[in-house]
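Structure file structure_36.pdb (PDB, C-alpha atoms, pLDDT in the B column) follows.
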ATOM      1  CA  MET I   1     -72.562 -55.740 -30.699  1.00 95.00           C
ATOM      2  CA  ILE I   2     -74.773 -55.842 -33.812  1.00 97.00           C
ATOM      3  CA  ILE I   3     -76.084 -58.899 -35.643  1.00 98.00           C
ATOM      4  CA  VAL I   4     -78.038 -58.465 -38.881  1.00 98.00           C
ATOM      5  CA  LYS I   5     -79.987 -61.426 -40.266  1.00 98.00           C
ATOM      6  CA  GLU I   6     -81.643 -61.581 -43.695  1.00 98.00           C
ATOM      7  CA  LEU I   7     -82.300 -57.836 -43.818  1.00 98.00           C
ATOM      8  CA  HIS I   8     -84.604 -56.688 -46.615  1.00 98.00           C
ATOM      9  CA  LYS I   9     -85.801 -53.184 -47.409  1.00 97.00           C
ATOM     10  CA  THR I  10     -88.190 -52.310 -50.230  1.00 97.00           C
ATOM     11  CA  PHE I  11     -89.449 -48.861 -51.207  1.00 94.00           C
ATOM     12  CA  GLU I  12     -92.614 -49.414 -53.286  1.00 90.00           C
ATOM     13  CA  ASN I  13     -91.276 -51.709 -56.059  1.00 89.00           C
ATOM     14  CA  ASN I  14     -87.598 -50.899 -55.459  1.00 94.00           C
ATOM     15  CA  ARG I  15     -85.725 -53.619 -53.546  1.00 95.00           C
ATOM     16  CA  VAL I  16     -82.879 -51.693 -51.898  1.00 97.00           C
ATOM     17  CA  LEU I  17     -81.593 -54.366 -49.483  1.00 97.00           C
ATOM     18  CA  ARG I  18     -81.750 -58.030 -50.424  1.00 97.00           C
ATOM     19  CA  GLY I  19     -81.118 -60.370 -47.531  1.00 96.00           C
ATOM     20  CA  VAL I  20     -78.108 -58.720 -45.893  1.00 97.00           C
ATOM     21  CA  ASN I  21     -76.353 -60.734 -43.170  1.00 97.00           C
ATOM     22  CA  TYR I  22     -73.614 -59.107 -41.136  1.00 96.00           C
ATOM     23  CA  HIS I  23     -72.185 -58.578 -37.643  1.00 95.00           C
ATOM     24  CA  VAL I  24     -70.273 -55.783 -35.908  1.00 96.00           C
ATOM     25  CA  HIS I  25     -67.975 -56.402 -32.950  1.00 96.00           C
ATOM     26  CA  GLN I  26     -67.513 -53.902 -30.150  1.00 95.00           C
ATOM     27  CA  GLY I  27     -64.635 -51.481 -30.779  1.00 95.00           C
ATOM     28  CA  GLU I  28     -64.434 -52.073 -34.534  1.00 95.00           C
ATOM     29  CA  LYS I  29     -64.197 -49.421 -37.213  1.00 96.00           C
ATOM     30  CA  ILE I  30     -66.081 -50.637 -40.275  1.00 96.00           C
ATOM     31  CA  VAL I  31     -66.529 -48.832 -43.572  1.00 96.00           C
ATOM     32  CA  ILE I  32     -69.317 -49.628 -46.030  1.00 96.00           C
ATOM     33  CA  ILE I  33     -68.562 -48.800 -49.655  1.00 95.00           C
ATOM     34  CA  GLY I  34     -70.340 -49.268 -52.972  1.00 92.00           C
ATOM     35  CA  PRO I  35     -71.746 -47.301 -55.905  1.00 91.00           C
ATOM     36  CA  SER I  36     -74.668 -44.898 -55.586  1.00 90.00           C
ATOM     37  CA  GLY I  37     -77.905 -46.823 -55.170  1.00 90.00           C
ATOM     38  CA  SER I  38     -76.233 -49.888 -53.699  1.00 94.00           C
ATOM     39  CA  GLY I  39     -78.102 -49.535 -50.397  1.00 95.00           C
ATOM     40  CA  LYS I  40     -75.272 -48.237 -48.185  1.00 95.00           C
ATOM     41  CA  SER I  41     -77.132 -45.389 -46.498  1.00 95.00           C
ATOM     42  CA  THR I  42     -80.354 -47.380 -46.228  1.00 96.00           C
ATOM     43  CA  PHE I  43     -78.464 -50.175 -44.459  1.00 97.00           C
ATOM     44  CA  LEU I  44     -76.909 -47.695 -42.041  1.00 96.00           C
ATOM     45  CA  ARG I  45     -80.249 -46.040 -41.293  1.00 95.00           C
ATOM     46  CA  CYS I  46     -81.834 -49.439 -40.668  1.00 96.00           C
ATOM     47  CA  LEU I  47     -79.296 -50.137 -37.921  1.00 95.00           C
ATOM     48  CA  ASN I  48     -80.945 -47.576 -35.631  1.00 91.00           C
ATOM     49  CA  LEU I  49     -84.360 -47.900 -37.287  1.00 93.00           C
ATOM     50  CA  LEU I  50     -84.480 -44.476 -38.888  1.00 93.00           C
ATOM     51  CA  GLU I  51     -85.648 -46.730 -41.721  1.00 95.00           C
ATOM     52  CA  THR I  52     -87.873 -49.666 -40.764  1.00 95.00           C
ATOM     53  CA  PRO I  53     -86.735 -52.904 -42.440  1.00 97.00           C
ATOM     54  CA  THR I  54     -89.293 -54.669 -44.617  1.00 97.00           C
ATOM     55  CA  SER I  55     -88.179 -57.963 -43.077  1.00 97.00           C
ATOM     56  CA  GLY I  56     -85.253 -59.505 -41.235  1.00 97.00           C
ATOM     57  CA  GLU I  57     -83.749 -59.117 -37.789  1.00 97.00           C
ATOM     58  CA  ILE I  58     -81.371 -56.629 -36.174  1.00 98.00           C
ATOM     59  CA  TRP I  59     -79.902 -57.453 -32.773  1.00 97.00           C
ATOM     60  CA  PHE I  60     -78.111 -54.824 -30.721  1.00 96.00           C
ATOM     61  CA  ASP I  61     -76.238 -55.773 -27.567  1.00 93.00           C
ATOM     62  CA  GLY I  62     -78.282 -58.967 -27.244  1.00 94.00           C
ATOM     63  CA  GLN I  63     -81.660 -57.288 -27.842  1.00 95.00           C
ATOM     64  CA  LEU I  64     -83.866 -57.856 -30.888  1.00 97.00           C
ATOM     65  CA  ILE I  65     -84.521 -54.218 -31.787  1.00 96.00           C
ATOM     66  CA  THR I  66     -86.733 -55.057 -34.788  1.00 96.00           C
ATOM     67  CA  SER I  67     -89.251 -56.587 -32.381  1.00 94.00           C
ATOM     68  CA  PRO I  68     -92.447 -54.533 -31.900  1.00 91.00           C
ATOM     69  CA  LYS I  69     -91.742 -54.743 -28.160  1.00 92.00           C
ATOM     70  CA  ALA I  70     -88.328 -53.067 -28.422  1.00 93.00           C
ATOM     71  CA  ASN I  71     -87.886 -49.612 -26.850  1.00 91.00           C
ATOM     72  CA  ILE I  72     -86.292 -47.857 -29.824  1.00 89.00           C
ATOM     73  CA  ASP I  73     -85.727 -44.555 -28.002  1.00 87.00           C
ATOM     74  CA  LYS I  74     -83.768 -46.447 -25.340  1.00 88.00           C
ATOM     75  CA  VAL I  75     -81.708 -48.197 -28.028  1.00 90.00           C
ATOM     76  CA  ARG I  76     -80.887 -44.898 -29.732  1.00 88.00           C
ATOM     77  CA  GLU I  77     -79.411 -43.555 -26.499  1.00 88.00           C
ATOM     78  CA  HIS I  78     -76.506 -45.905 -27.212  1.00 93.00           C
ATOM     79  CA  MET I  79     -76.171 -44.938 -30.887  1.00 95.00           C
ATOM     80  CA  GLY I  80     -74.876 -41.641 -32.250  1.00 94.00           C
ATOM     81  CA  MET I  81     -75.610 -40.601 -35.845  1.00 94.00           C
ATOM     82  CA  VAL I  82     -73.538 -38.286 -38.064  1.00 95.00           C
ATOM     83  CA  PHE I  83     -74.940 -37.148 -41.409  1.00 92.00           C
ATOM     84  CA  GLN I  84     -73.341 -35.832 -44.605  1.00 90.00           C
ATOM     85  CA  ASN I  85     -75.496 -32.683 -44.487  1.00 92.00           C
ATOM     86  CA  PHE I  86     -74.859 -32.116 -40.745  1.00 93.00           C
ATOM     87  CA  ASN I  87     -78.618 -31.889 -39.910  1.00 94.00           C
ATOM     88  CA  LEU I  88     -78.114 -29.022 -37.471  1.00 96.00           C
ATOM     89  CA  ILE I  89     -81.032 -26.754 -36.534  1.00 96.00           C
ATOM     90  CA  ASP I  90     -80.340 -23.269 -37.886  1.00 95.00           C
ATOM     91  CA  GLU I  91     -82.527 -21.536 -35.294  1.00 97.00           C
ATOM     92  CA  LEU I  92     -80.442 -22.938 -32.412  1.00 97.00           C
ATOM     93  CA  THR I  93     -76.921 -22.047 -31.344  1.00 97.00           C
ATOM     94  CA  VAL I  94     -74.101 -24.570 -31.500  1.00 97.00           C
ATOM     95  CA  GLU I  95     -74.455 -25.134 -27.762  1.00 97.00           C
ATOM     96  CA  GLN I  96     -78.217 -25.696 -28.049  1.00 97.00           C
ATOM     97  CA  ASN I  97     -77.830 -28.114 -30.978  1.00 97.00           C
ATOM     98  CA  VAL I  98     -75.417 -30.289 -29.014  1.00 97.00           C
ATOM     99  CA  GLU I  99     -77.563 -30.065 -25.869  1.00 96.00           C
ATOM    100  CA  LEU I 100     -80.728 -31.278 -27.612  1.00 94.00           C
ATOM    101  CA  PRO I 101     -80.277 -35.071 -27.101  1.00 92.00           C
ATOM    102  CA  LEU I 102     -79.689 -34.514 -23.387  1.00 93.00           C
ATOM    103  CA  THR I 103     -82.855 -32.423 -23.159  1.00 92.00           C
ATOM    104  CA  TYR I 104     -84.880 -35.287 -24.661  1.00 88.00           C
ATOM    105  CA  LEU I 105     -83.352 -37.632 -22.073  1.00 87.00           C
ATOM    106  CA  GLY I 106     -84.399 -35.350 -19.211  1.00 89.00           C
ATOM    107  CA  ILE I 107     -80.845 -34.665 -18.008  1.00 91.00           C
ATOM    108  CA  PRO I 108     -80.766 -31.791 -15.437  1.00 95.00           C
ATOM    109  CA  ARG I 109     -79.736 -28.396 -16.808  1.00 94.00           C
ATOM    110  CA  GLU I 110     -76.418 -28.046 -14.954  1.00 95.00           C
ATOM    111  CA  GLU I 111     -75.343 -31.529 -16.023  1.00 95.00           C
ATOM    112  CA  ARG I 112     -76.331 -30.747 -19.612  1.00 95.00           C
ATOM    113  CA  LYS I 113     -74.241 -27.562 -19.628  1.00 95.00           C
ATOM    114  CA  ARG I 114     -71.203 -29.363 -18.221  1.00 96.00           C
ATOM    115  CA  ARG I 115     -71.381 -32.188 -20.752  1.00 95.00           C
ATOM    116  CA  VAL I 116     -71.957 -29.836 -23.690  1.00 97.00           C
ATOM    117  CA  LYS I 117     -68.941 -27.739 -22.733  1.00 95.00           C
ATOM    118  CA  GLU I 118     -66.762 -30.845 -22.495  1.00 94.00           C
ATOM    119  CA  ALA I 119     -67.990 -32.194 -25.849  1.00 94.00           C
ATOM    120  CA  LEU I 120     -67.401 -28.893 -27.669  1.00 95.00           C
ATOM    121  CA  GLU I 121     -63.923 -28.541 -26.205  1.00 94.00           C
ATOM    122  CA  ARG I 122     -63.131 -32.120 -27.174  1.00 90.00           C
ATOM    123  CA  MET I 123     -64.090 -31.285 -30.768  1.00 92.00           C
ATOM    124  CA  ASN I 124     -62.117 -28.006 -30.676  1.00 91.00           C
ATOM    125  CA  ILE I 125     -65.242 -25.966 -31.356  1.00 94.00           C
ATOM    126  CA  GLY I 126     -65.916 -24.509 -27.894  1.00 95.00           C
ATOM    127  CA  HIS I 127     -65.093 -20.982 -29.081  1.00 95.00           C
ATOM    128  CA  ARG I 128     -68.148 -21.163 -31.384  1.00 96.00           C
ATOM    129  CA  ALA I 129     -70.637 -22.269 -28.720  1.00 96.00           C
ATOM    130  CA  HIS I 130     -72.897 -19.216 -29.115  1.00 97.00           C
ATOM    131  CA  HIS I 131     -72.790 -19.016 -32.911  1.00 97.00           C
ATOM    132  CA  ARG I 132     -75.466 -20.428 -35.188  1.00 97.00           C
ATOM    133  CA  PRO I 133     -74.708 -23.169 -37.736  1.00 96.00           C
ATOM    134  CA  GLN I 134     -74.859 -20.869 -40.772  1.00 96.00           C
ATOM    135  CA  GLN I 135     -72.039 -18.803 -39.244  1.00 97.00           C
ATOM    136  CA  LEU I 136     -69.682 -21.812 -39.329  1.00 96.00           C
ATOM    137  CA  SER I 137     -67.632 -23.473 -42.034  1.00 94.00           C
ATOM    138  CA  GLY I 138     -68.598 -26.954 -43.229  1.00 93.00           C
ATOM    139  CA  GLY I 139     -65.816 -28.520 -41.193  1.00 93.00           C
ATOM    140  CA  GLN I 140     -66.921 -26.674 -38.072  1.00 95.00           C
ATOM    141  CA  GLN I 141     -70.539 -27.732 -38.598  1.00 95.00           C
ATOM    142  CA  GLN I 142     -69.474 -31.372 -38.847  1.00 94.00           C
ATOM    143  CA  ARG I 143     -67.499 -31.009 -35.610  1.00 94.00           C
ATOM    144  CA  VAL I 144     -70.696 -29.776 -33.970  1.00 96.00           C
ATOM    145  CA  ALA I 145     -72.602 -32.710 -35.447  1.00 95.00           C
ATOM    146  CA  ILE I 146     -70.036 -35.143 -34.033  1.00 95.00           C
ATOM    147  CA  ALA I 147     -70.204 -33.422 -30.636  1.00 95.00           C
ATOM    148  CA  ARG I 148     -73.986 -33.898 -30.712  1.00 96.00           C
ATOM    149  CA  ALA I 149     -73.516 -37.570 -31.672  1.00 95.00           C
ATOM    150  CA  VAL I 150     -71.158 -38.292 -28.756  1.00 94.00           C
ATOM    151  CA  ILE I 151     -72.922 -36.206 -26.092  1.00 94.00           C
ATOM    152  CA  THR I 152     -74.817 -39.254 -24.754  1.00 92.00           C
ATOM    153  CA  ASP I 153     -71.601 -41.298 -24.624  1.00 92.00           C
ATOM    154  CA  PRO I 154     -72.871 -43.846 -27.182  1.00 94.00           C
ATOM    155  CA  GLN I 155     -71.425 -47.304 -27.690  1.00 95.00           C
ATOM    156  CA  ILE I 156     -71.499 -46.884 -31.457  1.00 97.00           C
ATOM    157  CA  ILE I 157     -71.465 -44.049 -33.997  1.00 97.00           C
ATOM    158  CA  LEU I 158     -73.142 -44.488 -37.379  1.00 97.00           C
ATOM    159  CA  ALA I 159     -71.612 -42.020 -39.858  1.00 96.00           C
ATOM    160  CA  ASP I 160     -73.221 -41.476 -43.260  1.00 95.00           C
ATOM    161  CA  GLU I 161     -70.690 -39.863 -45.644  1.00 93.00           C
ATOM    162  CA  PRO I 162     -69.334 -37.603 -42.850  1.00 94.00           C
ATOM    163  CA  THR I 163     -66.695 -36.051 -45.144  1.00 92.00           C
ATOM    164  CA  GLY I 164     -68.850 -35.958 -48.282  1.00 90.00           C
ATOM    165  CA  ASN I 165     -69.494 -32.190 -48.198  1.00 89.00           C
ATOM    166  CA  LEU I 166     -66.036 -31.182 -46.942  1.00 91.00           C
ATOM    167  CA  ASP I 167     -62.793 -30.193 -48.630  1.00 91.00           C
ATOM    168  CA  SER I 168     -59.760 -32.426 -48.153  1.00 89.00           C
ATOM    169  CA  THR I 169     -58.379 -30.509 -45.149  1.00 90.00           C
ATOM    170  CA  ASN I 170     -61.645 -30.486 -43.202  1.00 90.00           C
ATOM    171  CA  GLY I 171     -62.363 -34.057 -44.274  1.00 90.00           C
ATOM    172  CA  LYS I 172     -59.047 -35.198 -42.849  1.00 90.00           C
ATOM    173  CA  GLU I 173     -59.755 -33.435 -39.547  1.00 91.00           C
ATOM    174  CA  VAL I 174     -63.174 -35.103 -39.253  1.00 91.00           C
ATOM    175  CA  MET I 175     -61.652 -38.511 -39.991  1.00 92.00           C
ATOM    176  CA  GLU I 176     -59.027 -37.916 -37.303  1.00 92.00           C
ATOM    177  CA  LEU I 177     -61.795 -37.127 -34.805  1.00 92.00           C
ATOM    178  CA  LEU I 178     -63.595 -40.370 -35.652  1.00 94.00           C
ATOM    179  CA  ILE I 179     -60.341 -42.333 -35.371  1.00 93.00           C
ATOM    180  CA  GLU I 180     -59.678 -40.775 -31.965  1.00 93.00           C
ATOM    181  CA  LEU I 181     -63.165 -41.780 -30.798  1.00 94.00           C
ATOM    182  CA  ASN I 182     -62.580 -45.316 -32.063  1.00 95.00           C
ATOM    183  CA  ARG I 183     -59.271 -45.550 -30.234  1.00 94.00           C
ATOM    184  CA  GLY I 184     -61.157 -44.555 -27.094  1.00 93.00           C
ATOM    185  CA  GLY I 185     -63.411 -47.591 -27.507  1.00 94.00           C
ATOM    186  CA  THR I 186     -66.339 -46.253 -29.546  1.00 96.00           C
ATOM    187  CA  THR I 187     -67.457 -48.557 -32.352  1.00 97.00           C
ATOM    188  CA  ILE I 188     -67.671 -46.801 -35.728  1.00 97.00           C
ATOM    189  CA  VAL I 189     -69.721 -47.898 -38.745  1.00 97.00           C
ATOM    190  CA  MET I 190     -69.273 -45.472 -41.628  1.00 97.00           C
ATOM    191  CA  VAL I 191     -70.598 -45.178 -45.168  1.00 96.00           C
ATOM    192  CA  THR I 192     -68.256 -43.508 -47.660  1.00 93.00           C
ATOM    193  CA  HIS I 193     -67.366 -43.167 -51.349  1.00 87.00           C
ATOM    194  CA  SER I 194     -63.799 -42.232 -50.394  1.00 86.00           C
ATOM    195  CA  LYS I 195     -61.149 -44.931 -50.789  1.00 85.00           C
ATOM    196  CA  HIS I 196     -58.866 -42.715 -48.711  1.00 86.00           C
ATOM    197  CA  ASP I 197     -61.317 -42.724 -45.786  1.00 89.00           C
ATOM    198  CA  ALA I 198     -61.975 -46.439 -46.217  1.00 91.00           C
ATOM    199  CA  ALA I 199     -58.281 -47.169 -45.705  1.00 89.00           C
ATOM    200  CA  TYR I 200     -58.646 -46.278 -42.013  1.00 87.00           C
ATOM    201  CA  ALA I 201     -61.122 -49.110 -41.385  1.00 92.00           C
ATOM    202  CA  ARG I 202     -60.503 -52.505 -39.872  1.00 90.00           C
ATOM    203  CA  ARG I 203     -63.008 -54.043 -42.262  1.00 94.00           C
ATOM    204  CA  ILE I 204     -64.315 -52.780 -45.599  1.00 96.00           C
ATOM    205  CA  VAL I 205     -67.760 -54.041 -46.602  1.00 96.00           C
ATOM    206  CA  ASN I 206     -68.630 -53.736 -50.287  1.00 96.00           C
ATOM    207  CA  LEU I 207     -72.352 -53.455 -51.057  1.00 96.00           C
ATOM    208  CA  PHE I 208     -73.702 -53.876 -54.582  1.00 95.00           C
ATOM    209  CA  ASP I 209     -77.378 -53.991 -55.559  1.00 95.00           C
ATOM    210  CA  GLY I 210     -78.404 -54.415 -51.945  1.00 96.00           C
ATOM    211  CA  THR I 211     -76.179 -57.372 -51.118  1.00 97.00           C
ATOM    212  CA  ILE I 212     -72.719 -57.738 -49.622  1.00 97.00           C
ATOM    213  CA  VAL I 213     -70.355 -58.876 -52.371  1.00 97.00           C
ATOM    214  CA  SER I 214     -67.088 -58.798 -50.422  1.00 96.00           C
ATOM    215  CA  VAL I 215     -65.548 -58.070 -47.040  1.00 95.00           C
ATOM    216  CA  THR I 216     -61.898 -56.978 -46.889  1.00 93.00           C
ATOM    217  CA  GLU I 217     -59.803 -57.081 -43.707  1.00 91.00           C
ATOM    218  CA  ASN I 218     -57.316 -54.238 -43.182  1.00 83.00           C
TER     219      ASN I 218
END

Just dump the structure as structure tokens.
Amino acid sequence: MIIVKELHKTFENNRVLRGVNYHVHQGEKIVIIGPSGSGKSTFLRCLNLLETPTSGEIWFDGQLITSPKANIDKVREHMGMVFQNFNLIDELTVEQNVELPLTYLGIPREERKRRVKEALERMNIGHRAHHRPQQLSGGQQQRVAIARAVITDPQIILADEPTGNLDSTNGKEVMELLIELNRGGTTIVMVTHSKHDAAYARRIVNLFDGTIVSVTEN
């Protein structure tokens, strides 16, 4: 599904990624670990070009997405993103936050409402549809963020420390949601500091100083 070739990323004089080569197969659940500053989150954000690589190639589903000719918005329709800090819009309700990607895609209103309702119920957060993010617990906010990530039925979810701001109970629930999505066929690539969360992965990729130093099969 994803092929990464000689990926480099430099911020001013700071070389964050140093020639990373990797591939992701459809249906896998991969965890990227490493110390702070190792380049984990930068690598993840490069996969859907939230960060533009300095050099190298990223192929997604047979398409070179680092090409200037690539339609990045079209690519992102097939990628969901989950952040540590949720990245919900406080001024919008839960329902409106989840609906937002469908609005950008021009999906008709009735279809949007149906899909949002299904996504919220799937994440067991439908009863909070008309609340605003600040009225929810951290675990509930992350459920909303996952609902927003899956609303376009993506092939892959990129999760950046999705349990990092949660207590152990809510963190476990979020991990179970991601595992359920993976069992349903969604590819998961996740960054984490948690060895407990990493144990759920098929492959564990260890990044250090911007390079992959080991890959462990589970």

query = Using only C-alpha atoms, which residue out of I:Ser36, I:Asp90, I:Asp167, I:Glu173 lies closest to I:Gln135?
reply = I:Asp90

Listing only residues of stretch 175-212 of chain I within 9 Å of stretch 7-30 of chain I, what is the closest atom pair and its distance in Å (to one decimal) for each, using only C-alpha atoms, sorted by chain and residue number ascending, as JSON lines?
{"residue": "I:Ile179", "atom": "CA", "partner": "I:Lys29", "partner_atom": "CA", "distance": 8.3}
{"residue": "I:Asn182", "atom": "CA", "partner": "I:Gly27", "partner_atom": "CA", "distance": 6.6}
{"residue": "I:Arg183", "atom": "CA", "partner": "I:Gly27", "partner_atom": "CA", "distance": 8.0}
{"residue": "I:Gly184", "atom": "CA", "partner": "I:Gly27", "partner_atom": "CA", "distance": 8.6}
{"residue": "I:Gly185", "atom": "CA", "partner": "I:Gly27", "partner_atom": "CA", "distance": 5.2}
{"residue": "I:Thr186", "atom": "CA", "partner": "I:Gly27", "partner_atom": "CA", "distance": 5.6}
{"residue": "I:Thr187", "atom": "CA", "partner": "I:Gly27", "partner_atom": "CA", "distance": 4.4}
{"residue": "I:Ile188", "atom": "CA", "partner": "I:Lys29", "partner_atom": "CA", "distance": 4.6}
{"residue": "I:Val189", "atom": "CA", "partner": "I:Ile30", "partner_atom": "CA", "distance": 4.8}
{"residue": "I:Met190", "atom": "CA", "partner": "I:Ile30", "partner_atom": "CA", "distance": 6.2}
{"residue": "I:Val191", "atom": "CA", "partner": "I:Ile30", "partner_atom": "CA", "distance": 8.6}
{"residue": "I:Ala198", "atom": "CA", "partner": "I:Ile30", "partner_atom": "CA", "distance": 8.4}
{"residue": "I:Tyr200", "atom": "CA", "partner": "I:Lys29", "partner_atom": "CA", "distance": 8.0}
{"residue": "I:Ala201", "atom": "CA", "partner": "I:Lys29", "partner_atom": "CA", "distance": 5.2}
{"residue": "I:Arg202", "atom": "CA", "partner": "I:Lys29", "partner_atom": "CA", "distance": 5.5}
{"residue": "I:Arg203", "atom": "CA", "partner": "I:Ile30", "partner_atom": "CA", "distance": 5.0}
{"residue": "I:Ile204", "atom": "CA", "partner": "I:Ile30", "partner_atom": "CA", "distance": 6.0}
{"residue": "I:Val205", "atom": "CA", "partner": "I:Ile30", "partner_atom": "CA", "distance": 7.4}
{"residue": "I:Asp209", "atom": "CA", "partner": "I:Val16", "partner_atom": "CA", "distance": 7.0}
{"residue": "I:Gly210", "atom": "CA", "partner": "I:Leu17", "partner_atom": "CA", "distance": 4.0}
{"residue": "I:Thr211", "atom": "CA", "partner": "I:Arg18", "partner_atom": "CA", "distance": 5.7}
{"residue": "I:Ile212", "atom": "CA", "partner": "I:Val20", "partner_atom": "CA", "distance": 6.6}

Can I get the selected residues back with C-alpha atoms, as a CSV table (one decimal), keeping the file's coordinate frame?
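Saved to out_3.csv:
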chain,number,residue,atom,x,y,z
I,179,ILE,CA,-60.3,-42.3,-35.4
I,182,ASN,CA,-62.6,-45.3,-32.1
I,183,ARG,CA,-59.3,-45.6,-30.2
I,184,GLY,CA,-61.2,-44.6,-27.1
I,185,GLY,CA,-63.4,-47.6,-27.5
I,186,THR,CA,-66.3,-46.3,-29.5
I,187,THR,CA,-67.5,-48.6,-32.4
I,188,ILE,CA,-67.7,-46.8,-35.7
I,189,VAL,CA,-69.7,-47.9,-38.7
I,190,MET,CA,-69.3,-45.5,-41.6
I,191,VAL,CA,-70.6,-45.2,-45.2
I,198,ALA,CA,-62.0,-46.4,-46.2
I,200,TYR,CA,-58.6,-46.3,-42.0
I,201,ALA,CA,-61.1,-49.1,-41.4
I,202,ARG,CA,-60.5,-52.5,-39.9
I,203,ARG,CA,-63.0,-54.0,-42.3
I,204,ILE,CA,-64.3,-52.8,-45.6
I,205,VAL,CA,-67.8,-54.0,-46.6
I,209,ASP,CA,-77.4,-54.0,-55.6
I,210,GLY,CA,-78.4,-54.4,-51.9
I,211,THR,CA,-76.2,-57.4,-51.1
I,212,ILE,CA,-72.7,-57.7,-49.6

inquiry  = Going by the chain IDs and residue numbers used in this file, which residues fall under the PyMOL selection byres ((chain I and resi 156-163) around 7)? Write them as a PyMOL selection string.
reply    = chain I and resi 41+44+78-84+154-155+164-166+171+174+186-192

Residue subset to file, keeping C-alpha atoms, as an mmCIF file, in the frame of the given file:
data_model
loop_
_atom_site.group_PDB
_atom_site.id
_atom_site.type_symbol
_atom_site.label_atom_id
_atom_site.label_comp_id
_atom_site.auth_asym_id
_atom_site.auth_seq_id
_atom_site.Cartn_x
_atom_site.Cartn_y
_atom_site.Cartn_z
ATOM 1 C CA SER I 41 -77.132 -45.389 -46.498
ATOM 2 C CA LEU I 44 -76.909 -47.695 -42.041
ATOM 3 C CA HIS I 78 -76.506 -45.905 -27.212
ATOM 4 C CA MET I 79 -76.171 -44.938 -30.887
ATOM 5 C CA GLY I 80 -74.876 -41.641 -32.250
ATOM 6 C CA MET I 81 -75.610 -40.601 -35.845
ATOM 7 C CA VAL I 82 -73.538 -38.286 -38.064
ATOM 8 C CA PHE I 83 -74.940 -37.148 -41.409
ATOM 9 C CA GLN I 84 -73.341 -35.832 -44.605
ATOM 10 C CA PRO I 154 -72.871 -43.846 -27.182
ATOM 11 C CA GLN I 155 -71.425 -47.304 -27.690
ATOM 12 C CA GLY I 164 -68.850 -35.958 -48.282
ATOM 13 C CA ASN I 165 -69.494 -32.190 -48.198
ATOM 14 C CA LEU I 166 -66.036 -31.182 -46.942
ATOM 15 C CA GLY I 171 -62.363 -34.057 -44.274
ATOM 16 C CA VAL I 174 -63.174 -35.103 -39.253
ATOM 17 C CA THR I 186 -66.339 -46.253 -29.546
ATOM 18 C CA THR I 187 -67.457 -48.557 -32.352
ATOM 19 C CA ILE I 188 -67.671 -46.801 -35.728
ATOM 20 C CA VAL I 189 -69.721 -47.898 -38.745
ATOM 21 C CA MET I 190 -69.273 -45.472 -41.628
ATOM 22 C CA VAL I 191 -70.598 -45.178 -45.168
ATOM 23 C CA THR I 192 -68.256 -43.508 -47.660
#

note = Residue with the minimum atom-to-atom distance to I:Lys113, picked from I:Ile151, I:Leu136, I:Leu207, I:Leu50 with only C-alpha atoms counted, is I:Ile151

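What separates atom CA of I:Leu88 from atom CA of I:Pro133 is a distance of 6.8 Å.
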
query = Separation of atom CA of I:Asn124 and atom CA of I:Glu91, in Å?
reply =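 Computed distance, atom CA of I:Asn124 to atom CA of I:Glu91, equals 21.9 Å.
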
query = With distances taken over only C-alpha atoms, which of I:Ile3, I:Leu177, I:Val98, I:Ala70 is nearest to I:Ala119?
reply =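 Result for the nearest residue to I:Ala119: I:Val98.
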
query = What does the distance between atom CA of I:Asn170 and atom CA of I:Arg76 come to in Å, to one decimal place?
reply =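 Taking atom CA of I:Asn170 and atom CA of I:Arg76, their separation equals 27.6 Å.
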
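Nearest residue to I:Arg109, choosing from I:Gln142, I:Gln96, I:Gln134, I:Ser194 and counting all atoms listed in the file: I:Gln96.
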
request  = I would like the residues chosen by the PyMOL selection byres ((chain I and resi 95) around 10) on the shown file; could you give them as a list in words?
outcome  =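 Checked against the file, the PyMOL selection byres ((chain I and resi 95) around 10) matches Leu92, Thr93, Val94, Gln96, Asn97, Val98, Glu99, Leu100, Lys113, Val116, Lys117, Ala119, Leu120, Ile125, Gly126, Arg128, Ala129, His130, His131, Arg132, Val144, Ala147 and Arg148 of chain I.
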